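S.K.: Sharing a structure, written as structure tokens. Questions coming.
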Amino acid sequence: MTDPSAPPPGSALARLVEALGPDAGRKGPPPVERWNPAYCGEIDMRIAADGTWFYMGTPINRPALVRLFSTVLRKDPERYVLVTPVERVGIVVEDVPFLAVEMAVEGEGHGRQIAFRTNVDDVVQAGPNHPLRFERDAGGGVRPYVLVRGDLWARATRALALDLIALGEEETRDGEALFGVHVKDAFFPIAPASELSAS
């Protein structure tokens with residue numbers, strides 16, 4: 001019996017899965033930064049702002065398939081691409097490719113450690129190698145992001161964003177009072193402290 005959620009035979013999706021081989025994704029992300037196959041154009045794949053992956057307008061409902069594709073995702077200067085040893089295809093990413101869906105915090109202040117799990121089961125520990133960044137949305141709210149690998153970021157869910165901002169404290173850097181989060185002896189600014197006192 002065939003799997004109804006499997007990629008259609010001969011489709012771009014099926015070709016990518018075949019090119020990756022049966023062990024793809026089982027030993028961690030492959031070295032996509034070292035692969036440089038020819039660019040083969042765009043395929044009709046999109047990662048929505050809520051983290052849902054779509055192929056030809058239909059959500060990909062197989063978590064294992066989404067995880068597999070996430071391991072061969074790369075951010076090139078001009079676009080996001082899925083890369084195999086034999087081809088490179090462009091996809092659309094509405095915001096960033098991943099969501100941070102779980103957070104674990106240990107310690108406080110300069111000794112604080114924060115780890116995140118993404119919606120595709122990457123686990124990263126925030127710090128100098130996996131920095132946090134905070135952006136303002138159109139309504140003035142704060143959206144936190146953590147770097148997963150390469151130039152691929154995960155946006156914290158709303159619940160995690162509130163928990164993360166609750167860890168913030170004020171610190172003066174280069175004569176400016178900033179509100180931000182300490183993680184592993186690094187400080188990640190959220191906003192100037194003056195903005196908070198004015199609100």
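Following the order of the structure tokens, first chain is A, next is B, and so on, with residues numbered from 1 inside each chain and ligands from 1 in the order they appear.
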If we count only C-alpha atoms and set the cut-off at 8 Å, which residues sit around Leu82 in chain A, ignoring sequence neighbours fewer than 2 positions away in its own chain? Please answer as a PyMOL selection string.

M.R.: chain A and resi 69+72-74+80+84+88-91

S.K.: Next, the residues of the selection above should be written as an mmCIF file, in the first residue's frame with all heavy atoms.

M.R.:
data_model
loop_
_atom_site.group_PDB
_atom_site.id
_atom_site.type_symbol
_atom_site.label_atom_id
_atom_site.label_comp_id
_atom_site.auth_asym_id
_atom_site.auth_seq_id
_atom_site.Cartn_x
_atom_site.Cartn_y
_atom_site.Cartn_z
ATOM 1 N N PHE A 69 13.935 17.685 4.782
ATOM 2 C CA PHE A 69 14.196 18.858 3.949
ATOM 3 C C PHE A 69 14.879 19.968 4.743
ATOM 4 O O PHE A 69 15.704 20.700 4.200
ATOM 5 C CB PHE A 69 12.913 19.358 3.297
ATOM 6 C CG PHE A 69 12.415 18.465 2.208
ATOM 7 C CD1 PHE A 69 11.091 18.070 2.162
ATOM 8 C CD2 PHE A 69 13.280 17.993 1.238
ATOM 9 C CE1 PHE A 69 10.638 17.225 1.161
ATOM 10 C CE2 PHE A 69 12.840 17.156 0.227
ATOM 11 C CZ PHE A 69 11.509 16.768 0.190
ATOM 12 N N VAL A 72 18.656 19.991 4.571
ATOM 13 C CA VAL A 72 19.352 20.386 3.336
ATOM 14 C C VAL A 72 18.960 21.795 2.904
ATOM 15 O O VAL A 72 19.164 22.184 1.756
ATOM 16 C CB VAL A 72 19.115 19.373 2.188
ATOM 17 C CG1 VAL A 72 19.773 18.044 2.534
ATOM 18 C CG2 VAL A 72 17.640 19.202 1.878
ATOM 19 N N LEU A 73 18.421 22.562 3.849
ATOM 20 C CA LEU A 73 18.078 23.948 3.584
ATOM 21 C C LEU A 73 19.310 24.819 3.800
ATOM 22 O O LEU A 73 20.073 24.614 4.741
ATOM 23 C CB LEU A 73 16.955 24.391 4.529
ATOM 24 C CG LEU A 73 16.440 25.817 4.376
ATOM 25 C CD1 LEU A 73 15.782 26.018 3.008
ATOM 26 C CD2 LEU A 73 15.442 26.117 5.492
ATOM 27 N N ARG A 74 19.482 25.791 2.918
ATOM 28 C CA ARG A 74 20.610 26.713 3.024
ATOM 29 C C ARG A 74 20.142 28.099 2.613
ATOM 30 O O ARG A 74 19.239 28.235 1.787
ATOM 31 C CB ARG A 74 21.744 26.241 2.102
ATOM 32 C CG ARG A 74 23.035 27.043 2.244
ATOM 33 C CD ARG A 74 24.145 26.421 1.415
ATOM 34 N NE ARG A 74 24.039 26.765 -0.008
ATOM 35 C CZ ARG A 74 24.718 26.163 -0.975
ATOM 36 N NH1 ARG A 74 25.542 25.167 -0.703
ATOM 37 N NH2 ARG A 74 24.576 26.538 -2.233
ATOM 38 N N TYR A 80 16.679 31.376 -0.409
ATOM 39 C CA TYR A 80 16.759 30.101 0.305
ATOM 40 C C TYR A 80 16.737 28.983 -0.721
ATOM 41 O O TYR A 80 15.989 29.050 -1.717
ATOM 42 C CB TYR A 80 15.561 29.923 1.238
ATOM 43 C CG TYR A 80 15.617 30.788 2.483
ATOM 44 C CD1 TYR A 80 15.011 32.037 2.511
ATOM 45 C CD2 TYR A 80 16.274 30.347 3.635
ATOM 46 C CE1 TYR A 80 15.051 32.830 3.651
ATOM 47 C CE2 TYR A 80 16.317 31.136 4.774
ATOM 48 C CZ TYR A 80 15.708 32.370 4.777
ATOM 49 O OH TYR A 80 15.753 33.150 5.906
ATOM 50 N N THR A 84 21.142 19.342 -2.694
ATOM 51 C CA THR A 84 21.636 17.965 -2.659
ATOM 52 C C THR A 84 22.972 17.966 -3.394
ATOM 53 O O THR A 84 23.351 18.991 -3.978
ATOM 54 C CB THR A 84 20.657 16.994 -3.368
ATOM 55 O OG1 THR A 84 20.764 17.173 -4.779
ATOM 56 C CG2 THR A 84 19.217 17.213 -2.911
ATOM 57 N N ARG A 88 20.298 22.121 -6.874
ATOM 58 C CA ARG A 88 19.996 23.190 -5.918
ATOM 59 C C ARG A 88 18.752 23.898 -6.439
ATOM 60 O O ARG A 88 18.724 24.369 -7.570
ATOM 61 C CB ARG A 88 21.194 24.146 -5.852
ATOM 62 C CG ARG A 88 21.064 25.307 -4.913
ATOM 63 C CD ARG A 88 22.445 25.965 -4.712
ATOM 64 N NE ARG A 88 23.163 26.181 -5.954
ATOM 65 C CZ ARG A 88 23.356 27.378 -6.521
ATOM 66 N NH1 ARG A 88 22.882 28.470 -5.953
ATOM 67 N NH2 ARG A 88 24.028 27.484 -7.641
ATOM 68 N N VAL A 89 17.695 23.942 -5.588
ATOM 69 C CA VAL A 89 16.434 24.536 -6.019
ATOM 70 C C VAL A 89 15.990 25.597 -5.013
ATOM 71 O O VAL A 89 16.177 25.452 -3.805
ATOM 72 C CB VAL A 89 15.328 23.470 -6.194
ATOM 73 C CG1 VAL A 89 15.659 22.542 -7.354
ATOM 74 C CG2 VAL A 89 15.106 22.679 -4.915
ATOM 75 N N GLY A 90 15.398 26.675 -5.528
ATOM 76 C CA GLY A 90 14.948 27.769 -4.684
ATOM 77 C C GLY A 90 13.571 27.513 -4.106
ATOM 78 O O GLY A 90 12.713 26.897 -4.748
ATOM 79 N N ILE A 91 13.361 27.982 -2.875
ATOM 80 C CA ILE A 91 12.045 27.910 -2.248
ATOM 81 C C ILE A 91 11.742 29.275 -1.627
ATOM 82 O O ILE A 91 12.627 30.123 -1.496
ATOM 83 C CB ILE A 91 11.954 26.797 -1.180
ATOM 84 C CG1 ILE A 91 12.812 27.126 0.047
ATOM 85 C CG2 ILE A 91 12.342 25.444 -1.769
ATOM 86 C CD1 ILE A 91 12.533 26.222 1.237
#

S.K.: Within 10 Å of Val96 in chain A, counting only C-alpha atoms, which residues qualify if same-chain residues fewer than 6 places away don't, as a short mmCIF file (atom, residue, chain, number, x, y, z; two decimals) with C-alpha atoms, in the first residue's frame?

M.R.:
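Dumped to selection.cif:
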data_model
loop_
_atom_site.label_atom_id
_atom_site.label_comp_id
_atom_site.auth_asym_id
_atom_site.auth_seq_id
_atom_site.Cartn_x
_atom_site.Cartn_y
_atom_site.Cartn_z
CA ILE A 47 7.68 27.84 4.48
CA ALA A 48 4.91 29.96 5.99
CA ALA A 49 5.54 32.41 8.82
CA ASP A 50 3.95 29.93 11.24
CA GLY A 51 6.55 27.27 10.33
CA TYR A 80 16.76 30.10 0.30
CA TYR A 145 15.06 34.99 16.94
CA ASP A 151 22.20 31.91 8.15
CA LEU A 152 19.11 29.96 9.22
CA TRP A 153 17.14 31.46 12.12
CA ALA A 154 14.27 30.32 14.30
CA ARG A 155 11.63 32.74 15.58
#

S.K.: Considering only strand (DSSP E or B) as DSSP defines it on the backbone, what residues of range 94-131 of chain A qualify? List them as a VMD selection string.

M.R.: chain A and resid 98 to 106 113 to 118 123 to 125 127 130

S.K.: Would you give me, as a PyMOL selection string, the residues in chain A that DSSP reads as alpha helix (DSSP H)?

M.R.: chain A and resi 12-20+63-71+158-165+193-198

S.K.: Neighbouring residues of Pro37 in chain A were defined as those with any atom within 7 Å, considering only C-alpha atoms; residues of the same chain fewer than 4 positions away were excluded. Please report them as a tab-separated table (two decimals) with N, CA and C atoms, in the first residue's frame.

M.R.:
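Final file, result.tsv:
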chain	number	residue	atom	x	y	z
A	85	PRO	N	23.68	16.85	-3.39
A	85	PRO	CA	24.95	16.84	-4.14
A	85	PRO	C	24.77	17.09	-5.64
A	86	VAL	N	23.54	16.92	-6.17
A	86	VAL	CA	23.36	17.01	-7.61
A	86	VAL	C	22.49	18.17	-8.08
A	87	GLU	N	21.73	18.81	-7.18
A	87	GLU	CA	20.94	19.94	-7.62
A	87	GLU	C	20.65	20.90	-6.48
A	88	ARG	N	20.30	22.12	-6.87
A	88	ARG	CA	20.00	23.19	-5.92
A	88	ARG	C	18.75	23.90	-6.44

S.K.: Might you pull out every residue within 8 Å of range 173-178 of chain A, with only C-alpha atoms counted and same-chain residues fewer than 2 positions away left off, and present them as a list in words?

M.R.: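 Everything that qualifies: Glu170, Glu171, Gly180, Pro189, Ile190, Ala191, Pro192, Ala193 and Ser194 of chain A.
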
S.K.: Okay, now the selection with all heavy atoms, as a short mmCIF file (atom, residue, chain, number, x, y, z; two decimals), in the first residue's frame?

M.R.:
data_model
loop_
_atom_site.label_atom_id
_atom_site.label_comp_id
_atom_site.auth_asym_id
_atom_site.auth_seq_id
_atom_site.Cartn_x
_atom_site.Cartn_y
_atom_site.Cartn_z
N GLU A 170 18.40 45.53 32.66
CA GLU A 170 19.03 46.74 32.13
C GLU A 170 20.53 46.68 32.30
O GLU A 170 21.04 46.22 33.32
CB GLU A 170 18.46 47.97 32.84
CG GLU A 170 18.74 49.27 32.12
CD GLU A 170 18.01 50.45 32.75
OE1 GLU A 170 16.79 50.33 32.96
OE2 GLU A 170 18.69 51.46 33.02
N GLU A 171 21.24 47.14 31.29
CA GLU A 171 22.70 47.20 31.36
C GLU A 171 23.17 48.37 30.50
O GLU A 171 22.58 48.68 29.47
CB GLU A 171 23.32 45.89 30.85
CG GLU A 171 24.84 45.94 30.85
CD GLU A 171 25.45 44.55 30.89
OE1 GLU A 171 24.99 43.69 31.67
OE2 GLU A 171 26.39 44.32 30.11
N GLY A 180 18.02 44.06 27.85
CA GLY A 180 18.32 42.87 27.06
C GLY A 180 18.48 41.65 27.93
O GLY A 180 18.17 41.66 29.13
N PRO A 189 20.85 42.83 23.29
CA PRO A 189 19.91 43.93 23.54
C PRO A 189 18.54 43.69 22.91
O PRO A 189 18.44 43.18 21.79
CB PRO A 189 20.58 45.15 22.90
CG PRO A 189 21.96 44.72 22.53
CD PRO A 189 21.97 43.24 22.45
N ILE A 190 17.52 44.07 23.64
CA ILE A 190 16.15 44.03 23.12
C ILE A 190 15.73 45.42 22.65
O ILE A 190 15.19 45.59 21.57
CB ILE A 190 15.17 43.51 24.20
CG1 ILE A 190 15.52 42.06 24.58
CG2 ILE A 190 13.72 43.60 23.71
CD1 ILE A 190 14.72 41.51 25.74
N ALA A 191 16.01 46.43 23.49
CA ALA A 191 15.62 47.81 23.15
C ALA A 191 16.36 48.76 24.07
O ALA A 191 16.82 48.37 25.15
CB ALA A 191 14.10 47.97 23.34
N PRO A 192 16.49 50.02 23.65
CA PRO A 192 17.03 51.03 24.58
C PRO A 192 16.13 51.12 25.82
O PRO A 192 14.90 51.08 25.70
CB PRO A 192 16.99 52.33 23.78
CG PRO A 192 16.96 51.90 22.34
CD PRO A 192 16.20 50.60 22.32
N ALA A 193 16.74 51.21 26.99
CA ALA A 193 15.97 51.30 28.23
C ALA A 193 15.04 52.51 28.22
O ALA A 193 13.96 52.49 28.81
CB ALA A 193 16.91 51.33 29.42
N SER A 194 15.44 53.59 27.52
CA SER A 194 14.61 54.79 27.46
C SER A 194 13.27 54.52 26.81
O SER A 194 12.25 55.13 27.16
CB SER A 194 15.35 55.90 26.72
OG SER A 194 15.66 55.49 25.40
#

S.K.: Interatomic distance between CA of Leu132 in chain A and CA of Phe187 in chain A?

M.R.: 9.1 Å

S.K.: Check the smallest atom-to-atom distance from each of A:Arg112, A:Arg158, A:Arg133, A:Arg143 to His182 in chain A using only C-alpha atoms, then report the winner.

M.R.: A:Arg112

S.K.: One decimal, in Å: what's the spacing between CA of Glu135 in chain A and CA of Val101 in chain A?

M.R.: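 The value is 17.8 Å.
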
S.K.: In Å, how far is it from CA of Leu167 in chain A to CA of Val181 in chain A?

M.R.: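 Spanning CA of Leu167 in chain A to CA of Val181 in chain A is a straight-line distance of 6.2 Å.
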
S.K.: Could you list, as number ranges by chain, every residue within 9 Å of range 55-58 of chain A, counting only C-alpha atoms and ignoring same-chain residues fewer than 2 positions away?

M.R.: A: 13, 43-46, 53, 60-61

S.K.: Restricting the output to N, CA and C atoms, write the selected residues as a short mmCIF file (atom, residue, chain, number, x, y, z; two decimals), in the first residue's frame.

M.R.:
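Once everything was written out, this is selection32.cif:
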data_model
loop_
_atom_site.label_atom_id
_atom_site.label_comp_id
_atom_site.auth_asym_id
_atom_site.auth_seq_id
_atom_site.Cartn_x
_atom_site.Cartn_y
_atom_site.Cartn_z
N LEU A 13 9.90 17.00 -5.54
CA LEU A 13 10.04 16.57 -4.15
C LEU A 13 10.62 15.15 -4.09
N ILE A 43 11.19 25.62 -7.05
CA ILE A 43 10.10 24.64 -6.98
C ILE A 43 9.01 25.28 -6.13
N ASP A 44 7.81 24.77 -6.26
CA ASP A 44 6.66 25.35 -5.59
C ASP A 44 6.61 24.87 -4.14
N MET A 45 7.60 25.34 -3.37
CA MET A 45 7.64 25.02 -1.95
C MET A 45 7.75 26.32 -1.17
N ARG A 46 7.03 26.36 -0.04
CA ARG A 46 6.99 27.58 0.76
C ARG A 46 6.98 27.20 2.25
N TRP A 53 5.34 23.93 6.30
CA TRP A 53 5.93 23.75 4.98
C TRP A 53 4.83 23.35 4.01
N ILE A 60 2.75 20.00 3.94
CA ILE A 60 3.46 18.72 4.04
C ILE A 60 3.21 18.21 5.46
N ASN A 61 2.41 17.17 5.57
CA ASN A 61 1.96 16.70 6.88
C ASN A 61 2.82 15.59 7.47
#
